[in-house]
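Asks: File work.csv below, CSV, C-alpha atoms:
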chain,number,residue,atom,x,y,z
A,250,MET,CA,67.8,97.6,70.0
A,251,ALA,CA,69.0,94.7,72.1
A,252,SER,CA,72.6,95.2,70.9
A,253,GLU,CA,72.6,98.9,71.8
A,254,LYS,CA,71.3,98.0,75.3
A,255,HIS,CA,74.1,95.5,75.6
A,256,ASP,CA,76.7,98.1,74.6
A,257,PHE,CA,75.2,100.6,77.1
A,258,THR,CA,75.6,97.9,79.9
A,259,GLY,CA,79.3,97.5,79.0
A,260,VAL,CA,79.8,101.3,79.0
A,261,LEU,CA,78.1,101.6,82.4
A,262,LEU,CA,80.2,98.8,83.9
A,263,ALA,CA,83.4,100.4,82.5
A,264,ALA,CA,82.4,103.8,84.0
A,265,VAL,CA,81.6,102.3,87.4
A,266,SER,CA,84.9,100.4,87.3
A,267,ALA,CA,86.7,103.7,86.4
A,268,ALA,CA,85.0,105.6,89.2
A,269,LEU,CA,86.0,103.1,91.9
A,270,PHE,CA,89.6,102.9,90.8
A,271,GLY,CA,89.9,106.7,90.2
A,272,LEU,CA,88.8,107.5,93.7
A,273,SER,CA,91.3,105.0,95.2
A,274,THR,CA,94.4,106.9,94.1
A,275,PRO,CA,94.0,110.1,96.3
A,276,PHE,CA,93.0,108.0,99.3
A,277,ALA,CA,96.0,105.8,98.7
A,278,LYS,CA,98.1,108.9,98.9
A,279,LEU,CA,96.5,109.6,102.3
A,280,LEU,CA,97.2,106.1,103.6
A,281,GLU,CA,100.8,106.3,102.3
A,282,ARG,CA,101.6,108.7,105.2
A,283,GLU,CA,101.3,105.7,107.6
A,284,ILE,CA,102.0,102.7,105.4
A,285,ALA,CA,105.1,101.9,103.4
A,286,PRO,CA,104.5,101.6,99.6
A,287,ILE,CA,104.9,97.8,99.1
A,288,MET,CA,103.0,97.0,102.3
A,289,LEU,CA,100.2,99.3,101.1
A,290,ALA,CA,100.1,97.5,97.7
A,291,SER,CA,99.9,94.1,99.5
A,292,LEU,CA,97.0,95.3,101.7
A,293,PHE,CA,95.1,96.5,98.7
A,294,TYR,CA,95.2,93.1,97.0
A,295,LEU,CA,94.7,91.2,100.3
A,296,GLY,CA,91.6,93.3,100.8
A,297,THR,CA,90.4,92.2,97.3
A,298,GLY,CA,91.2,88.5,97.9
A,299,ILE,CA,89.7,88.3,101.4
A,300,GLY,CA,86.6,90.3,100.4
A,301,PHE,CA,85.8,88.0,97.6
A,302,ALA,CA,86.6,84.9,99.6
A,303,VAL,CA,84.0,86.0,102.1
A,304,LEU,CA,81.5,86.7,99.3
A,305,SER,CA,82.2,83.3,97.8
A,306,ALA,CA,81.7,81.5,101.1
A,307,CYS,CA,78.4,83.4,101.6
A,308,SER,CA,77.3,82.4,98.1
A,309,ALA,CA,78.2,78.8,98.6
A,310,SER,CA,75.9,78.6,101.7
A,311,LYS,CA,72.9,79.5,99.6
A,312,LYS,CA,70.8,76.6,98.4
A,313,LYS,CA,70.4,77.9,94.8
A,314,GLN,CA,72.7,80.1,92.9
A,315,ALA,CA,73.2,81.0,89.2
A,316,LYS,CA,75.6,78.9,87.2
A,317,VAL,CA,78.9,80.6,86.5
A,318,LEU,CA,81.8,79.6,84.3
A,319,PHE,CA,84.9,78.9,86.4
A,320,LEU,CA,88.5,79.2,85.3
A,321,ARG,CA,90.0,76.1,83.5
A,322,ARG,CA,93.4,74.6,83.3
A,323,SER,CA,93.9,76.2,79.9
A,324,ASP,CA,93.4,79.6,81.6
A,325,LEU,CA,96.4,79.2,83.9
A,326,VAL,CA,99.0,80.9,81.7
A,327,ALA,CA,96.9,84.0,81.2
A,328,LEU,CA,96.0,84.0,84.9
A,329,ALA,CA,99.7,83.8,85.9
A,330,VAL,CA,100.4,86.8,83.6
A,331,VAL,CA,97.5,88.8,85.1
A,332,VAL,CA,98.6,88.1,88.7
A,333,THR,CA,102.3,88.9,88.0
A,334,THR,CA,101.9,92.0,86.0
A,335,GLY,CA,98.7,93.5,87.3
A,336,GLY,CA,98.7,92.2,90.9
A,337,ILE,CA,102.4,92.3,91.8
A,338,PHE,CA,104.5,94.5,89.5
A,339,ALA,CA,102.0,97.3,88.7
A,340,PRO,CA,100.7,98.2,92.2
A,341,ILE,CA,104.3,98.2,93.6
A,342,CYS,CA,105.4,100.6,90.9
A,343,LEU,CA,102.3,102.8,91.5
A,344,MET,CA,102.8,103.0,95.2
A,345,LEU,CA,106.5,103.8,94.8
A,346,GLY,CA,105.7,106.4,92.1
A,347,LEU,CA,102.9,107.9,94.2
A,348,SER,CA,105.4,108.5,97.0
A,349,GLN,CA,107.5,110.7,94.6
A,350,SER,CA,104.6,112.5,92.9
A,351,THR,CA,101.6,114.7,93.8
A,352,ALA,CA,98.3,112.9,93.9
A,353,THR,CA,96.9,115.0,91.0
A,354,THR,CA,99.9,114.3,88.8
A,355,ALA,CA,99.8,110.6,89.6
A,356,SER,CA,96.0,110.4,88.9
A,357,LEU,CA,96.3,112.0,85.5
A,358,LEU,CA,99.4,109.9,84.5
A,359,LEU,CA,97.3,106.8,85.0
A,360,ASN,CA,95.6,107.8,81.6
A,361,LEU,CA,98.7,106.1,80.0
A,362,GLU,CA,97.2,102.7,81.0
A,363,ALA,CA,94.4,103.2,78.4
A,364,VAL,CA,96.9,104.1,75.7
A,365,LEU,CA,99.2,101.2,76.4
A,366,THR,CA,96.2,98.8,76.7
A,367,ALA,CA,94.9,99.9,73.3
A,368,VAL,CA,98.4,99.7,71.7
A,369,ILE,CA,98.9,96.1,72.9
A,370,ALA,CA,95.3,95.2,71.9
A,371,TRP,CA,96.0,96.7,68.5
A,372,PHE,CA,99.3,95.1,67.7
A,373,TYR,CA,99.2,91.8,69.7
A,374,PHE,CA,95.5,90.9,69.6
A,375,HIS,CA,94.7,92.7,66.3
A,376,GLU,CA,91.7,94.7,67.7
A,377,ASN,CA,90.6,97.3,65.3
A,378,CYS,CA,91.7,100.9,66.0
A,379,ASP,CA,90.3,103.6,63.8
A,380,ARG,CA,91.5,107.2,63.4
A,381,ARG,CA,89.7,108.5,66.4
A,382,ILE,CA,91.2,105.9,68.7
A,383,ILE,CA,94.7,106.6,67.4
A,384,LEU,CA,94.3,110.4,67.7
A,385,GLY,CA,93.0,109.9,71.2
A,386,MET,CA,96.0,107.8,72.1
A,387,LEU,CA,98.3,110.6,70.8
A,388,ALA,CA,96.5,113.2,72.8
A,389,ILE,CA,96.6,111.3,76.1
A,390,THR,CA,100.3,110.4,75.5
A,391,ALA,CA,101.1,114.1,74.9
A,392,GLY,CA,99.4,115.0,78.2
A,393,GLY,CA,101.5,112.4,80.0
A,394,VAL,CA,104.7,113.9,78.5
A,395,VAL,CA,103.7,117.3,79.6
A,396,LEU,CA,103.1,116.1,83.2
A,397,SER,CA,106.4,114.1,83.2
A,398,LEU,CA,108.4,117.3,82.1
A,399,ASN,CA,106.8,119.4,84.9
A,400,THR,CA,110.0,120.0,86.8
A,401,ASN,CA,109.9,122.6,89.6
A,402,ILE,CA,113.5,123.7,89.6
A,403,ASN,CA,114.8,126.4,91.9
A,404,THR,CA,118.2,128.2,91.5
A,405,ASN,CA,119.7,126.5,94.5
A,406,THR,CA,119.1,122.9,93.4
A,407,ASP,CA,121.3,120.8,91.2
A,408,LEU,CA,119.7,120.5,87.7
A,409,ALA,CA,120.6,116.9,87.1
A,410,ALA,CA,119.4,115.7,90.5
A,411,THR,CA,116.2,117.6,90.2
A,412,THR,CA,115.4,116.3,86.8
A,413,LEU,CA,116.2,112.7,87.9
A,414,THR,CA,113.9,113.1,91.0
A,415,SER,CA,111.1,114.7,89.1
A,416,LEU,CA,111.1,112.0,86.4
A,417,SER,CA,111.4,109.0,88.6
A,418,GLY,CA,107.9,109.3,90.0
A,419,PRO,CA,106.2,109.6,86.6
A,420,ALA,CA,108.5,106.9,85.2
A,421,LEU,CA,107.4,104.4,87.9
A,422,ILE,CA,103.7,105.3,87.3
A,423,ALA,CA,104.2,104.8,83.6
A,424,LEU,CA,105.7,101.3,84.4
A,425,ALA,CA,102.6,100.6,86.5
A,426,CYS,CA,100.4,101.6,83.6
A,427,LEU,CA,102.4,99.2,81.4
A,428,GLY,CA,101.9,96.4,83.9
A,429,TRP,CA,98.2,96.9,84.0
A,430,ALA,CA,98.0,97.3,80.3
A,431,ILE,CA,99.5,93.8,79.9
A,432,ASP,CA,97.2,92.6,82.7
A,433,ASN,CA,94.1,94.0,80.9
A,434,ASN,CA,94.9,92.3,77.6
A,435,PHE,CA,95.5,88.9,79.2
A,436,THR,CA,92.4,89.3,81.4
A,437,ARG,CA,90.5,89.6,78.0
A,438,LYS,CA,91.5,85.9,77.4
A,439,ILE,CA,89.8,84.8,80.5
A,440,ALA,CA,87.0,87.4,80.6
A,441,ALA,CA,84.3,84.8,80.0
A,442,ALA,CA,85.1,83.2,83.4
A,443,ASP,CA,83.6,84.2,86.7
A,444,PRO,CA,85.1,87.7,87.5
A,445,GLN,CA,84.8,87.2,91.2
A,446,GLN,CA,86.9,84.0,91.0
A,447,ILE,CA,89.5,86.0,89.0
A,448,ALA,CA,89.5,88.8,91.6
A,449,LEU,CA,89.8,86.3,94.5
A,450,ILE,CA,92.8,84.4,93.1
A,451,LYS,CA,94.5,87.6,91.9
A,452,GLY,CA,94.0,89.3,95.2
A,453,LEU,CA,95.1,86.5,97.5
A,454,VAL,CA,98.2,85.4,95.4
A,455,ALA,CA,99.4,89.0,94.6
A,456,GLY,CA,98.6,90.2,98.1
A,457,LEU,CA,100.5,87.4,99.8
A,458,VAL,CA,103.6,87.8,97.5
A,459,ASN,CA,103.7,91.6,98.1
A,460,PHE,CA,103.2,91.1,101.8
A,461,ALA,CA,106.1,88.7,102.0
A,462,LEU,CA,108.3,91.1,100.0
A,463,ALA,CA,107.3,94.0,102.3
A,464,LEU,CA,108.3,92.0,105.4
A,465,LEU,CA,111.6,91.1,103.8
A,466,LEU,CA,112.3,94.8,103.2
A,467,GLY,CA,111.5,95.5,106.9
A,468,GLN,CA,108.2,97.2,106.3
A,469,LYS,CA,105.7,96.8,109.1
A,470,LEU,CA,101.9,96.6,109.4
A,471,PRO,CA,100.3,99.9,110.6
A,472,SER,CA,97.7,100.1,113.3
A,473,PRO,CA,94.7,97.8,113.1
A,474,GLU,CA,92.4,100.7,112.1
A,475,THR,CA,94.7,101.8,109.3
A,476,THR,CA,95.2,98.2,108.1
A,477,ALA,CA,91.4,97.8,108.0
A,478,ALA,CA,91.0,101.0,106.0
A,479,ALA,CA,93.6,99.8,103.5
A,480,LEU,CA,91.9,96.4,103.1
A,481,LEU,CA,88.5,98.1,102.6
A,482,LEU,CA,89.9,100.5,100.1
A,483,GLY,CA,91.6,97.7,98.2
A,484,PHE,CA,88.4,95.7,98.1
A,485,ILE,CA,86.4,98.6,96.7
A,486,GLY,CA,89.0,100.4,94.5
A,487,TYR,CA,90.7,97.4,93.2
A,488,GLY,CA,88.5,94.3,93.7
A,489,LEU,CA,85.1,95.6,92.8
A,490,SER,CA,86.6,97.7,90.1
A,491,LEU,CA,88.3,94.6,88.6
A,492,VAL,CA,85.0,92.7,88.6
A,493,PHE,CA,83.1,95.5,86.7
A,494,TYR,CA,86.1,95.8,84.3
A,495,VAL,CA,86.0,92.1,83.4
A,496,LYS,CA,82.3,92.3,82.8
A,497,ALA,CA,82.8,95.4,80.6
A,498,LEU,CA,85.6,93.6,78.6
A,499,ARG,CA,83.0,91.0,77.5
A,500,ASP,CA,80.9,93.7,75.8
A,501,LEU,CA,83.5,96.3,74.6
A,502,GLY,CA,86.9,94.6,74.1
A,503,ASN,CA,90.2,95.9,75.5
A,504,ALA,CA,90.8,99.1,73.6
A,505,ARG,CA,87.2,100.5,74.2
A,506,THR,CA,87.0,99.4,77.8
A,507,SER,CA,90.3,101.0,78.6
A,508,ALA,CA,89.1,104.2,76.8
A,509,TYR,CA,86.1,104.5,79.1
A,510,PHE,CA,88.3,103.5,82.0
A,511,ALA,CA,90.5,106.5,81.1
A,512,THR,CA,87.9,108.7,82.8
A,513,ALA,CA,89.1,107.3,86.2
A,514,PRO,CA,92.3,109.6,86.4
A,515,PHE,CA,90.2,112.7,86.0
A,516,LEU,CA,87.9,111.8,88.9
A,517,GLY,CA,91.1,110.9,90.9
A,518,ALA,CA,92.7,114.2,90.0
A,519,LEU,CA,89.6,116.3,90.9
A,520,THR,CA,89.4,114.5,94.3
A,521,SER,CA,93.1,115.1,94.8
A,522,LEU,CA,92.7,118.8,94.3
A,523,LEU,CA,89.9,118.9,96.8
A,524,ILE,CA,91.7,116.8,99.5
A,525,PHE,CA,95.2,118.1,99.2
A,526,HIS,CA,94.5,121.6,98.0
A,527,GLU,CA,97.2,121.3,95.3
A,528,PRO,CA,97.6,124.3,93.0
A,529,ILE,CA,96.1,124.2,89.5
A,530,THR,CA,99.2,125.1,87.4
A,531,LEU,CA,99.2,125.8,83.7
A,532,THR,CA,101.1,122.6,83.0
A,533,LEU,CA,98.4,120.6,84.9
A,534,ALA,CA,95.6,122.3,83.0
A,535,LEU,CA,97.3,121.7,79.7
A,536,ALA,CA,97.8,118.0,80.4
A,537,ALA,CA,94.2,117.7,81.6
A,538,LEU,CA,93.0,119.3,78.4
A,539,LEU,CA,95.1,117.1,76.2
A,540,MET,CA,94.0,113.9,78.0
A,541,GLY,CA,90.4,115.0,78.1
A,542,CYS,CA,90.4,115.5,74.3
A,543,GLY,CA,91.9,112.0,74.0
A,544,VAL,CA,89.2,110.4,76.2
A,545,TYR,CA,86.5,112.2,74.2
A,546,LEU,CA,87.8,110.9,70.9
A,547,HIS,CA,87.7,107.4,72.3
A,548,ILE,CA,84.2,107.4,73.8
A,549,SER,CA,82.7,109.2,70.8
A,550,GLU,CA,83.7,106.5,68.4
A,551,ASN,CA,80.9,104.9,66.3
A,552,HIS,CA,82.2,101.7,64.8
A,553,GLN,CA,79.7,100.1,62.4
A,554,HIS,CA,80.2,98.1,59.2
A,555,SER,CA,79.0,94.9,57.5
A,556,HIS,CA,80.7,91.9,59.1
A,557,HIS,CA,80.5,88.1,59.1
A,558,HIS,CA,80.2,85.7,62.1
A,559,GLU,CA,81.6,82.3,61.6
A,560,PHE,CA,79.8,79.3,63.2
A,561,MET,CA,80.9,79.0,66.8
A,562,VAL,CA,80.3,77.0,70.0
A,563,HIS,CA,81.3,78.5,73.3
A,564,GLU,CA,80.2,79.1,76.9
A,565,HIS,CA,79.8,82.4,78.8
A,566,GLU,CA,77.3,84.4,80.8
A,567,HIS,CA,74.8,86.0,78.4
A,568,VAL,CA,71.2,87.2,77.9
A,569,HIS,CA,69.1,86.6,74.8
A,570,ASP,CA,69.8,89.4,72.3
A,571,LEU,CA,70.7,89.9,68.7
A,572,HIS,CA,73.5,87.3,68.9
A,573,HIS,CA,71.9,84.9,71.4
A,574,ASN,CA,68.5,83.9,70.0
A,575,HIS,CA,68.9,80.2,70.6
A,576,LYS,CA,66.2,78.1,72.4
A,577,HIS,CA,66.6,76.3,75.7
A,578,GLU,CA,65.8,72.7,76.6
A,579,ASN,CA,62.7,72.2,78.9
A,580,ASP,CA,64.9,71.6,81.9
A,581,ASP,CA,67.0,74.7,81.5
A,582,GLU,CA,66.7,77.6,83.9
A,583,PRO,CA,64.2,80.3,82.9
A,584,THR,CA,65.7,83.2,80.9
A,585,LYS,CA,63.2,85.9,81.9
A,586,ARG,CA,61.9,87.4,85.2
A,587,GLU,CA,58.3,88.0,85.9
A,588,ASP,CA,58.6,91.6,84.7
A,589,GLY,CA,59.9,90.4,81.3
A,590,SER,CA,63.6,91.4,81.8
A,591,GLU,CA,66.3,89.0,80.8
A,592,ILE,CA,68.1,86.9,83.4
A,593,PRO,CA,71.9,86.5,82.8
A,594,HIS,CA,72.7,82.8,82.5
A,595,THR,CA,75.6,80.5,81.5
A,596,HIS,CA,75.6,77.4,79.3
A,597,LYS,CA,77.3,76.1,76.2
A,598,HIS,CA,75.5,77.4,73.1
A,599,GLN,CA,75.9,77.7,69.3
A,600,HIS,CA,76.2,80.7,67.1
A,601,GLN,CA,75.1,80.1,63.5
A,602,ALA,CA,77.0,81.8,60.6
A,603,LEU,CA,75.6,85.3,60.1
A,604,SER,CA,76.4,88.4,58.1
A,605,HIS,CA,74.9,91.7,59.2
A,606,SER,CA,75.7,95.4,60.0
A,607,HIS,CA,75.3,97.2,63.3
A,608,LYS,CA,77.3,99.3,65.8
A,609,HIS,CA,79.6,97.0,67.7
A,610,TYR,CA,82.8,96.7,69.7
A,611,PRO,CA,85.4,93.9,69.7
A,612,ASP,CA,83.5,91.9,72.3
A,613,LEU,CA,83.4,88.1,72.6
A,614,HIS,CA,81.5,87.9,69.3
A,615,HIS,CA,83.2,90.6,67.3
A,616,ARG,CA,86.9,89.9,67.2
A,617,HIS,CA,87.0,89.8,63.4
A,618,ARG,CA,89.8,91.3,61.3
A,619,HIS,CA,89.2,94.6,59.4
Just dump the structure as structure tokens.
Replies:
Amino acid sequence: MASEKHDFTGVLLAAVSAALFGLSTPFAKLLEREIAPIMLASLFYLGTGIGFAVLSACSASKKKQAKVLFLRRSDLVALAVVVTTGGIFAPICLMLGLSQSTATTASLLLNLEAVLTAVIAWFYFHENCDRRIILGMLAITAGGVVLSLNTNINTNTDLAATTLTSLSGPALIALACLGWAIDNNFTRKIAAADPQQIALIKGLVAGLVNFALALLLGQKLPSPETTAAALLLGFIGYGLSLVFYVKALRDLGNARTSAYFATAPFLGALTSLLIFHEPITLTLALAALLMGCGVYLHISENHQHSHHHEFMVHEHEHVHDLHHNHKHENDDEPTKREDGSEIPHTHKHQHQALSHSHKHYPDLHHRHRH
């Protein structure tokens, strides 16, 4: 029962993360009318960094706060990859691709992030992918191909030029998905650390680098009101979404978290249709159907088998459940509230060797081979 509740928490966190990010795409399209692409990418991540810097300062002023696990020197390589691929490369590609695509098409194409994340998790980190996960990947990829080949050619336009223009937008968005897929998999390596610290560092470093690049290219800041709107959207759609995503990674692993995150593009596409009154074409409907089938195959997976846990000592935020039944010393902080609910807490703890069977995902405690 405790494990199922833990899984539900991870699913809920992934869904909230997806909703926040999904809604950001159509609103980014609106802001793009007044802000150049790279400047917009920089403001999104500066909003993330500044927002969490303020939250961190407010938390530090409190007399008592829960212990969290901060990033360590051994995390620097993974953090550098996360900042470079997910904070600099991917958002620039997305904003450039968004400028050459409709908001609905761009939103749906972001489903490729889930596929690429799962593929990297499968081949590089050896996460298990069963038949439903693989079929889901194929369905989502097929939908992306359909969207990419959606060329609106009229008889007075050069075929080669039209094809190149129509493909450049989707290609840039696909590159953004690849950047975030690499980001997601390396974020997994530091997921036990404080997610707000990860968001703060990623936001400030990536935001400042992109801001400097935008200035070098001659892009200017918009009006104060528009700048504030971009910063706020970045904090909500990228910053808060990242924090919830990192928390979900702890419970679900990369492939499964990205599968639930794949619901984000549909929310973005629906919002885009309402805001921009874009037509629902047969191509768009077919792509949405294929991608919807892929997401359903992912989230309906039921992974359960007998598995063995080796003895392990590590540190991360947790509550007492099926895999955390250790005792605390007398001077440790309490683990339950007055109403009996568990209090998330962080300390170094042991896991004894154990063999059992239950539904699970490749979280911090289930990264075994199959």
Asks: Could you tell me how far atom CA of Glu362 of chain A lies from atom CA of Ala477 of chain A, in Å and to one decimal?
Replies: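 Value for the atom CA of Glu362 of chain A-atom CA of Ala477 of chain A distance: 28.0 Å.
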Asks: Measuring between only C-alpha atoms, which one of A:Leu522, A:Leu357, A:Cys426, A:Ile284 shows the shortest distance to Thr334 of chain A?
Replies: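 Closest to Thr334 of chain A of all the choices is A:Cys426.
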Asks: If I take atom CA of Tyr509 of chain A and atom CA of Leu295 of chain A, how far is one from the other in Å, to one decimal?
Replies: 26.5 Å
Asks: Report, in Å to a single decimal, how far apart atom CA of Gly336 of chain A and atom CA of Ala478 of chain A are.
Replies: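 Taking atom CA of Ala478 of chain A as the start and atom CA of Gly336 of chain A as the end point, the length is 19.1 Å.
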Asks: Return the single residue from A:Thr530, A:Ser490, A:Arg282, A:Phe293 that is closest to Phe510 of chain A, with distances computed using all atoms listed in the file.
Replies: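 Selected residue with least distance to Phe510 of chain A: A:Ser490.
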Asks: Nearest to Tyr545 of chain A: which of A:Leu523, A:Val458, A:Ala441, A:Leu384 is it, counting all atoms listed in the file?
Replies: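 Closest candidate: A:Leu384.
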Asks: Which residues come within 8 Å of segment 337-350 of chain A, counting only C-alpha atoms, excluding same-chain residues fewer than 2 positions away, as a PDB file with C-alpha atoms, in the coordinates of the input?
Replies:
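Final output, around.pdb:
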ATOM      1  CA  LYS A 278      98.100 108.900  98.900  1.00  0.00           C
ATOM      2  CA  GLU A 281     100.800 106.300 102.300  1.00  0.00           C
ATOM      3  CA  PRO A 286     104.500 101.600  99.600  1.00  0.00           C
ATOM      4  CA  ILE A 287     104.900  97.800  99.100  1.00  0.00           C
ATOM      5  CA  LEU A 289     100.200  99.300 101.100  1.00  0.00           C
ATOM      6  CA  ALA A 290     100.100  97.500  97.700  1.00  0.00           C
ATOM      7  CA  VAL A 332      98.600  88.100  88.700  1.00  0.00           C
ATOM      8  CA  THR A 333     102.300  88.900  88.000  1.00  0.00           C
ATOM      9  CA  THR A 334     101.900  92.000  86.000  1.00  0.00           C
ATOM     10  CA  GLY A 335      98.700  93.500  87.300  1.00  0.00           C
ATOM     11  CA  ALA A 352      98.300 112.900  93.900  1.00  0.00           C
ATOM     12  CA  THR A 354      99.900 114.300  88.800  1.00  0.00           C
ATOM     13  CA  ALA A 355      99.800 110.600  89.600  1.00  0.00           C
ATOM     14  CA  THR A 414     113.900 113.100  91.000  1.00  0.00           C
ATOM     15  CA  SER A 415     111.100 114.700  89.100  1.00  0.00           C
ATOM     16  CA  SER A 417     111.400 109.000  88.600  1.00  0.00           C
ATOM     17  CA  GLY A 418     107.900 109.300  90.000  1.00  0.00           C
ATOM     18  CA  PRO A 419     106.200 109.600  86.600  1.00  0.00           C
ATOM     19  CA  ALA A 420     108.500 106.900  85.200  1.00  0.00           C
ATOM     20  CA  LEU A 421     107.400 104.400  87.900  1.00  0.00           C
ATOM     21  CA  ILE A 422     103.700 105.300  87.300  1.00  0.00           C
ATOM     22  CA  LEU A 424     105.700 101.300  84.400  1.00  0.00           C
ATOM     23  CA  ALA A 425     102.600 100.600  86.500  1.00  0.00           C
ATOM     24  CA  CYS A 426     100.400 101.600  83.600  1.00  0.00           C
ATOM     25  CA  LEU A 427     102.400  99.200  81.400  1.00  0.00           C
ATOM     26  CA  GLY A 428     101.900  96.400  83.900  1.00  0.00           C
ATOM     27  CA  TRP A 429      98.200  96.900  84.000  1.00  0.00           C
ATOM     28  CA  ALA A 455      99.400  89.000  94.600  1.00  0.00           C
ATOM     29  CA  GLY A 456      98.600  90.200  98.100  1.00  0.00           C
ATOM     30  CA  VAL A 458     103.600  87.800  97.500  1.00  0.00           C
ATOM     31  CA  ASN A 459     103.700  91.600  98.100  1.00  0.00           C
TER      32      ASN A 459
END
Asks: Using all atoms listed in the file for the distances, tell me which of A:Ser521, A:Val495, A:Pro514, A:Gly541 is nearest to Gly259 of chain A.
Replies: A:Val495
Asks: Kindly extract all protein, DNA and RNA residues lying within 9 Å of the coordinates (91.7, 87.9, 97.8) given in the file, considering only C-alpha atoms, and supply them as a list in words.
Replies: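 Result, sorted by chain then residue number: Tyr294, Leu295, Gly296, Thr297, Gly298, Ile299, Gly300, Phe301, Ala302, Ala448, Leu449, Ile450, Lys451, Gly452, Leu453, Val454, Ala455, Gly456, Phe484 and Gly488 of chain A.
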Asks: Restricting the calculation to only C-alpha atoms: of A:Phe460, A:Phe276, A:Phe493, A:Phe319, which residue gets closest to Ala479 of chain A?
Replies: A:Phe276
Asks: Point out the residue among A:Gln445, A:Asn433, A:Ser507, A:Thr512 with the least atom-to-atom distance to Leu272 of chain A, counting all atoms listed in the file.
Replies: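 Checking each of A:Gln445, A:Asn433, A:Ser507, A:Thr512 against Leu272 of chain A, counting all atoms listed in the file, the winner is A:Thr512.
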Asks: Name all residues at most 8 Å from Val364 of chain A (count all atoms listed in the file; drop same-chain ones fewer than 2 positions away) and give them as a ChimeraX atom specification.
Replies: /A:360-362,366-368,386,389-390,507-508
Asks: Would you mind putting N, CA and C atoms back on segment 453-466 of chain A and writing the result as a PDB file, keeping the file's coordinate frame?
Replies:
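Saved file selection00.pdb follows:
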ATOM      1  N   LEU A 453      94.447  87.261  96.456  1.00  0.00           N
ATOM      2  CA  LEU A 453      95.100  86.500  97.500  1.00  0.00           C
ATOM      3  C   LEU A 453      96.596  86.198  97.082  1.00  0.00           C
ATOM      4  N   VAL A 454      96.817  85.782  95.826  1.00  0.00           N
ATOM      5  CA  VAL A 454      98.200  85.400  95.400  1.00  0.00           C
ATOM      6  C   VAL A 454      99.067  86.694  95.389  1.00  0.00           C
ATOM      7  N   ALA A 455      98.609  87.748  94.719  1.00  0.00           N
ATOM      8  CA  ALA A 455      99.400  89.000  94.600  1.00  0.00           C
ATOM      9  C   ALA A 455      99.577  89.613  96.004  1.00  0.00           C
ATOM     10  N   GLY A 456      98.520  89.603  96.803  1.00  0.00           N
ATOM     11  CA  GLY A 456      98.600  90.200  98.100  1.00  0.00           C
ATOM     12  C   GLY A 456      99.609  89.504  99.022  1.00  0.00           C
ATOM     13  N   LEU A 457      99.611  88.182  99.011  1.00  0.00           N
ATOM     14  CA  LEU A 457     100.500  87.400  99.800  1.00  0.00           C
ATOM     15  C   LEU A 457     101.978  87.589  99.388  1.00  0.00           C
ATOM     16  N   VAL A 458     102.197  87.603  98.062  1.00  0.00           N
ATOM     17  CA  VAL A 458     103.600  87.800  97.500  1.00  0.00           C
ATOM     18  C   VAL A 458     104.081  89.179  97.918  1.00  0.00           C
ATOM     19  N   ASN A 459     103.266  90.203  97.716  1.00  0.00           N
ATOM     20  CA  ASN A 459     103.700  91.600  98.100  1.00  0.00           C
ATOM     21  C   ASN A 459     103.882  91.723  99.571  1.00  0.00           C
ATOM     22  N   PHE A 460     103.036  91.036 100.348  1.00  0.00           N
ATOM     23  CA  PHE A 460     103.200  91.100 101.800  1.00  0.00           C
ATOM     24  C   PHE A 460     104.488  90.499 102.260  1.00  0.00           C
ATOM     25  N   ALA A 461     104.840  89.350 101.679  1.00  0.00           N
ATOM     26  CA  ALA A 461     106.100  88.700 102.000  1.00  0.00           C
ATOM     27  C   ALA A 461     107.291  89.601 101.623  1.00  0.00           C
ATOM     28  N   LEU A 462     107.192  90.232 100.458  1.00  0.00           N
ATOM     29  CA  LEU A 462     108.300  91.100 100.000  1.00  0.00           C
ATOM     30  C   LEU A 462     108.387  92.334 100.929  1.00  0.00           C
ATOM     31  N   ALA A 463     107.253  92.884 101.350  1.00  0.00           N
ATOM     32  CA  ALA A 463     107.300  94.000 102.300  1.00  0.00           C
ATOM     33  C   ALA A 463     107.953  93.663 103.588  1.00  0.00           C
ATOM     34  N   LEU A 464     107.642  92.478 104.118  1.00  0.00           N
ATOM     35  CA  LEU A 464     108.300  92.000 105.400  1.00  0.00           C
ATOM     36  C   LEU A 464     109.764  91.831 105.208  1.00  0.00           C
ATOM     37  N   LEU A 465     110.173  91.273 104.057  1.00  0.00           N
ATOM     38  CA  LEU A 465     111.600  91.100 103.800  1.00  0.00           C
ATOM     39  C   LEU A 465     112.359  92.395 103.760  1.00  0.00           C
ATOM     40  N   LEU A 466     111.684  93.447 103.309  1.00  0.00           N
ATOM     41  CA  LEU A 466     112.300  94.800 103.200  1.00  0.00           C
ATOM     42  C   LEU A 466     112.177  95.542 104.551  1.00  0.00           C
TER      43      LEU A 466
END
